[in-house]
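Take a look at the structure set out below.
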Amino acid sequence: MRIKDVLNSIETTACYFIAEIGINHDGDISIAKQMIDQAVISGANAVKFQKRDINVVYSQEYLNEPRQSVYGNTQRALKEGLEFDLEQYRCLMDYAHARNIDFIASAWDEVSAQEMADINIDCIKIAAPCLTDIKLLHKINSFGIPCIVSFGMCDIDQALAAYARLDRIKKIVLHCVSSYPAGDNDESVTKRVTKRLSICTFAKF
């Protein structure tokens with residue numbers, strides 16, 4: 001099952017599994033490909049990466065802080081070491097598609113979102129901390145590319161406002177709580193949003 005099948009189904013009982021790769025590839029494209037292979041073997045429907053423009057997401061003061069890693073002696077060296085460029089992302093997406101698996105990425109800023117649109121990614125994930133970034137939401141809304149949203153770090157008003165701003169694209173809403181482990185009494189904002197709007201959600205594990 002591909003993401004387009006999920007989006008075109010009014011109701012489905014099938015599970016759509018996303019293998020979260022994130023930045024666990026350590027900036028090594030060969031490791032990233034191996035992780036895609038393992039996702040395919042495991043039966044996942046998609047792999048998901050994370051894309052950031054570090055000069056937008058982080059302050060210069062933070063990037064200049066000392067941090068020892070295999071990439072260098074600063075936070076900047078570490079963050080740069082974990083990022084792929086656009087052509088590497090295009091290569092990884094082609095690699096995933098050749099194995100009949102969807103390619104998704106969380107875009108944490110407008111520059112990254114544009115780059116993911118430029119490669120015509122299957123779906124953009126909007127991370128919960130970014131749902132109050134109005135410019136980012138408008139940017140993603142202009143692409144016509146499906147998106148996944150999760151409201152785990154929003155209150156009800158923020159979640160409803162974000163949903164309303166994504167009015168030109170197909171959306172998948174994740175039912176989630178950003179507390180780990182979630183308590184029995186924790187209520188997802190997503191649950192309240194979906195009740196208010198009468199929409200379906202998918203569970204996030």
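Going through the structure tokens in order, the chains are called A, B, and so on, while each chain numbers its residues from 1 and the ligands are numbered from 1 in the order shown.
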Open item on the list: List the spatial neighbours of Thr132 (chain A) as a ChimeraX atom specification - criterion: any atom at most 10 Å away, only C-alpha atoms, same-chain residues fewer than 3 positions off excluded.
Closed with: /A:128-129,135-137,153-154,158-159,161-162
Residues near region 84-93 of chain A, cut-off 9 Å, only C-alpha atoms, skip fewer than 5 positions along chain, as a CSV table (one decimal) with N, CA and C atoms, in the first residue's frame:
```csv
chain,number,residue,atom,x,y,z
A,27,GLY,N,24.7,10.7,8.6
A,27,GLY,CA,25.2,11.5,7.5
A,27,GLY,C,25.9,10.6,6.4
A,28,ASP,N,25.7,9.3,6.5
A,28,ASP,CA,26.3,8.4,5.5
A,28,ASP,C,25.2,7.8,4.6
A,29,ILE,N,25.3,8.1,3.3
A,29,ILE,CA,24.3,7.7,2.4
A,29,ILE,C,24.2,6.2,2.3
A,32,ALA,N,22.1,5.0,5.1
A,32,ALA,CA,20.7,5.4,4.8
A,32,ALA,C,20.1,4.3,3.8
A,33,LYS,N,20.9,3.9,2.8
A,33,LYS,CA,20.3,2.9,1.9
A,33,LYS,C,20.1,1.6,2.6
A,36,ILE,N,16.9,1.8,4.5
A,36,ILE,CA,15.8,1.6,3.5
A,36,ILE,C,15.6,0.2,3.2
A,51,LYS,N,14.6,16.8,7.5
A,51,LYS,CA,15.4,17.8,6.7
A,51,LYS,C,15.3,19.1,7.4
A,98,ALA,N,12.5,2.6,-6.2
A,98,ALA,CA,13.0,1.4,-6.9
A,98,ALA,C,12.6,0.1,-6.1
A,102,ASP,N,7.4,4.2,-0.2
A,102,ASP,CA,7.3,5.7,-0.2
A,102,ASP,C,8.4,6.4,0.5
A,103,PHE,N,8.6,7.6,0.1
A,103,PHE,CA,9.7,8.4,0.7
A,103,PHE,C,9.1,9.7,1.3
A,104,ILE,N,9.3,9.9,2.6
A,104,ILE,CA,8.7,11.0,3.3
A,104,ILE,C,9.8,11.7,4.1
A,115,GLU,N,12.9,22.5,-0.8
A,115,GLU,CA,13.8,21.4,-1.4
A,115,GLU,C,13.1,20.1,-1.5
A,116,MET,N,12.2,19.7,-0.5
A,116,MET,CA,11.5,18.5,-0.6
A,116,MET,C,10.4,18.6,-1.7
A,118,ASP,N,10.9,20.4,-4.4
A,118,ASP,CA,11.6,20.4,-5.6
A,118,ASP,C,11.9,19.0,-6.2
A,119,ILE,N,12.1,18.0,-5.2
A,119,ILE,CA,12.3,16.6,-5.7
A,119,ILE,C,11.0,15.9,-5.8
A,121,ILE,N,8.7,15.0,-3.5
A,121,ILE,CA,8.6,14.0,-2.5
A,121,ILE,C,7.1,13.5,-2.4
A,122,ASP,N,7.0,12.2,-1.9
A,122,ASP,CA,5.7,11.6,-1.9
A,122,ASP,C,4.8,12.3,-0.8
```
TODO: With a distance cut-off of 12 Å and only C-alpha atoms, select the neighbouring residues of Glu80 (chain A), excluding the residue or stretch itself and same-chain residues fewer than 4 positions from it, and output the selection as a PyMOL selection string.
DONE: chain A and resi 23+26-28+51-55+58+63+69-76+84-85
Task: Option closest in space to Ile169 (chain A), from A:Val6, A:Ala46, A:Cys123, A:Ile134 [counting only C-alpha atoms] - done: A:Cys123
Task: Residue list (alpha helix (DSSP H), DSSP) for region 4-138 of chain A, as a PyMOL selection string - done: chain A and resi 4-7+29-41+54-57+60-63+75-81+86-98+110-118+134-138
Open item on the list: Using only C-alpha atoms for the distances, tell me which of A:Asp155, A:Asp133, A:Val40, A:Ile124 is nearest to Lys170 (chain A).
Closed with: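 Closest residue, counting only C-alpha atoms: A:Ile124.
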- [ ] Could you check which of A:Lys79, A:Lys139, A:Arg99, A:His25 is closest to Gly43 (chain A), using only C-alpha atoms?
- [x]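 Once distances to Gly43 (chain A) are computed over only C-alpha atoms, the minimum belongs to A:Arg99.
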Open item on the list: I'd like the interatomic distance between CA of Gln34 (chain A) and CA of Val111 (chain A), to a tenth of an Å.
Closed with: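 These two atoms are separated by 27.1 Å.
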TODO: Within 9 Å of Gln114 (chain A), counting only C-alpha atoms, which residues show up once you throw out same-chain ones fewer than 6 positions away? Write them as a list of chain:residue names, please.
DONE: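 Using only C-alpha atoms, the neighbours found are A:Ala107, A:Lys139, A:Ile140, A:Phe143.
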Open item on the list: Excluding Tyr163 (chain A) and its own-chain neighbours fewer than 4 positions away, which residues fall within 12 Å of it when counting only C-alpha atoms? Please give them as an MDAnalysis selection string.
Closed with: chainID A and resid 126 131:132 134 137:138 141 147:151 154 156:159 167:173 190 193:194 196:197 199
Open item on the list: Between CA of His97 (chain A) and CA of Asn120 (chain A), what is the distance in Å, rounded to a tenth?
Closed with: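 That distance, rounded to one decimal, is 12.1 Å.
CA of Ala164 (chain A) is positioned 19.3 Å from CA of Trp108 (chain A).
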TODO: Using DSSP on the backbone, list every residue of region 15-118 of chain A that comes out as strand (DSSP E), and give them as a ChimeraX atom specification.
DONE: /A:18-22,46-51,66-69,72-74,102-107
Put those residues in a file: C-alpha atoms, as a PDB file, in the first residue's frame.
```
ATOM      1  CA  ILE A  18       6.372   4.334   8.360  1.00  0.00           C
ATOM      2  CA  ALA A  19       9.943   3.428   9.235  1.00  0.00           C
ATOM      3  CA  GLU A  20      11.496   6.436  10.987  1.00  0.00           C
ATOM      4  CA  ILE A  21      15.077   6.850   9.802  1.00  0.00           C
ATOM      5  CA  GLY A  22      15.349  10.509  10.786  1.00  0.00           C
ATOM      6  CA  ALA A  46       7.396   4.204   3.786  1.00  0.00           C
ATOM      7  CA  VAL A  47      10.647   5.553   5.139  1.00  0.00           C
ATOM      8  CA  LYS A  48      10.826   8.954   6.761  1.00  0.00           C
ATOM      9  CA  PHE A  49      13.819  11.248   7.030  1.00  0.00           C
ATOM     10  CA  GLN A  50      14.230  14.674   8.655  1.00  0.00           C
ATOM     11  CA  LYS A  51      15.371  17.754   6.733  1.00  0.00           C
ATOM     12  CA  PRO A  66      31.640  23.479  21.570  1.00  0.00           C
ATOM     13  CA  ARG A  67      30.560  19.894  20.968  1.00  0.00           C
ATOM     14  CA  GLN A  68      32.898  16.980  20.446  1.00  0.00           C
ATOM     15  CA  SER A  69      31.842  14.521  17.750  1.00  0.00           C
ATOM     16  CA  GLY A  72      34.299  18.207  14.560  1.00  0.00           C
ATOM     17  CA  ASN A  73      34.395  20.335  17.674  1.00  0.00           C
ATOM     18  CA  THR A  74      31.209  22.423  17.431  1.00  0.00           C
ATOM     19  CA  ASP A 102       7.270   5.687  -0.215  1.00  0.00           C
ATOM     20  CA  PHE A 103       9.716   8.439   0.677  1.00  0.00           C
ATOM     21  CA  ILE A 104       8.656  10.977   3.323  1.00  0.00           C
ATOM     22  CA  ALA A 105      10.550  13.686   5.182  1.00  0.00           C
ATOM     23  CA  SER A 106       9.820  16.070   8.013  1.00  0.00           C
ATOM     24  CA  ALA A 107      10.586  19.601   6.828  1.00  0.00           C
TER      25      ALA A 107
END
```
